[in-house]
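> One structure, pasted below without further comment.
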Amino acid sequence: MCMVIFAPIFAICAFATCGGYNGHLQVKVDCADRKQSNLSINIDFGYPFRLQQVHFKAPLCEAKREEIIILDGDFSSAAQFFVTVGVFAFLYSLLATIVYVFYQNKYLKNNRGPLVDFLVTVIFSFMWLVSSCCWAKTLTDIKTATNPTQVLLLISACRAQENKCTATQEPLWSRLNTSVVFGFVNVVLWVGNIWFVFKETGWYKTGQRYPTRGASGKRSSEMRQRLYSESSFDQPEESFGPQSSRQDSLKRSKEDFGQQVHRQASLNQSHVGFSLPQTYLGKPVTHDMENKVASQGPMIFVNEM
């Protein structure tokens with residue numbers, strides 16, 4: 001939208017300030033013989049700056065004659081190129097404005113409109129850059145060719161020391177300087193508009209829809225690392241699960257076995273408590289130090305409760 005609003009305005013300012021320029025230079029030749037003096041010599045020039053076609057008359061001061069002097073240089077190519085680029089940029093900006101406002105659907109159909117607009121914008125950006133640089137250099141050459149000091153050197157009478165030559169009026173260059181500024185403003189405007197036009201093309205949309213392989217590869221690798229880390233933490237818990245269950249079952253079996261043994265022991269003790277002591281009568285047997293049997297009195301064996 002910035003091109004639609006500002007591009008036609010700055011294009012008009014660029015080619016209008018250059019194409020409508022007219023310069024005026026005035027010099028005077030004061031001869032030693034006052035009768036031959038010419039106090040007002042007017043030199044006019046302008047677009048397209050074919051200075052070799054600009055001529056004026058100056059007195060010779062030695063005789064009652066005048067000479068015709070022609071300026072040097074032809075700077076029409078750069079000036080006309082700059083103005084031509086400005087005119088075509090203005091026309092295209094108007095056409096683009098009409099299409100954007102009244103034919104938006106046809107402009108976006110099949111992505112042809114944005115592609116054509118993108119290519120034309122790139123071309124005009126390059127043309128503005130080249131024409132502005134050429135015109136800036138050419139303007140410097142025009143200023144040099146129309147410099148009052150340089151023009152006075154072309155006059156034969158001004159080369160003599162007894163004659164006095166001066167410039168009474170110099171050309172104004174502010175308008176042409178402004179044209180150069182508008183030229184580079186158009187360069188910035190059109191180059192900046194390339195991005196906005198590129199966003200409307202299918203190239204930008206496909207790039208947004210399908211990311212690059214590098215980004216997708218990084219994302220897939222990160223997801224794999226996360227899944228691997230989660231699975232590595234879950235596996236030990238699963239592997240130790242059966243072992244813990246086995247240990248619990250073993251503990252339970254041991255506890256059950258202990259309870260059964262405790263019950264049997266209590267039952268045995270109850271039986272023993274109600275039984276009478278048993279006696280055993282037998283021959284008394286004694287053992288000496290040499291494991292010999294000695295007879296002693298009767299011995300009684302009692303089962304202790």
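All residue names refer to the structure tokens as shown: chains lettered A, B, ... in order, residues numbered from 1 in each chain, ligands numbered from 1 in order.
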Can you list every residue in segment 126-210 of chain A that DSSP puts in alpha helix (DSSP H), as an MDAnalysis selection string?
chainID A and resid 126:145 148:154 174:198 202:209
> Extract, using only C-alpha atoms, all DNA, RNA and protein residues at most 8 Å from segment 140-149 of chain A, discarding same-chain residues fewer than 5 positions from it, and format them as JSON, numbers by chain.
{"A": [25, 27, 49, 71, 72, 73, 75, 167, 170]}
> Looking at A:Thr138, A:Asn177, A:Pro114, A:Val87, which one is nearest to Trp195 of chain A, with distances taken over only C-alpha atoms?
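Ranking A:Thr138, A:Asn177, A:Pro114, A:Val87 by distance to Trp195 of chain A, first place goes to A:Pro114.
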> Go through A:Leu51, A:Leu115, A:Cys13, A:Ile5 and flag the residue nearest Lys199 of chain A, using only C-alpha atoms for the distances.
A:Leu115
> Mind pulling up the distance from atom CA of Tyr47 of chain A to atom CA of Ala78 of chain A?
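That distance, rounded to one decimal, is 10.8 Å.
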> Return the single residue from A:Asn193, A:Thr97, A:Ser179, A:Thr121 that is closest to Ala136 of chain A, with distances computed using only C-alpha atoms.
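Smallest distance to Ala136 of chain A is found for A:Ser179.
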> Mind checking DSSP for segment 52-192 of chain A and telling me the strand (DSSP E or B) residues as a PyMOL selection string?
chain A and resi 55-59+66-70+74+164-169
> Show me, as a PyMOL selection string, the residues that have an atom within 10 Å of Pro48 of chain A when counting only C-alpha atoms, minus same-chain residues fewer than 6 positions from it.
chain A and resi 18-22+74-80+83
> Just to confirm, what's the straight-line distance from atom CA of Lys106 of chain A to atom CA of Ala89 of chain A in Å (one decimal)?
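Between atom CA of Lys106 of chain A and atom CA of Ala89 of chain A the gap is 22.1 Å.
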> Figure out the distance between atom CA of Lys64 of chain A and atom CA of Ile155 of chain A, please, to one decimal in Å.
15.3 Å
> List the spatial neighbours of segment 132-134 of chain A as a list of chain:residue names - criterion: any atom at most 9 Å away, only C-alpha atoms, same-chain residues fewer than 5 positions off excluded.
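Here the answer would be A:Ala78, A:Ala79, A:Phe81, A:Phe82, A:Met127, A:Leu139, A:Ser179, A:Val180, A:Val181, A:Phe182, A:Gly183, A:Phe184, A:Val187.
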> Between A:Ile9, A:Leu39, A:Ala14, A:Leu129, which one has atoms that come closest to Gly86 of chain A, using only C-alpha atoms?
A:Ala14
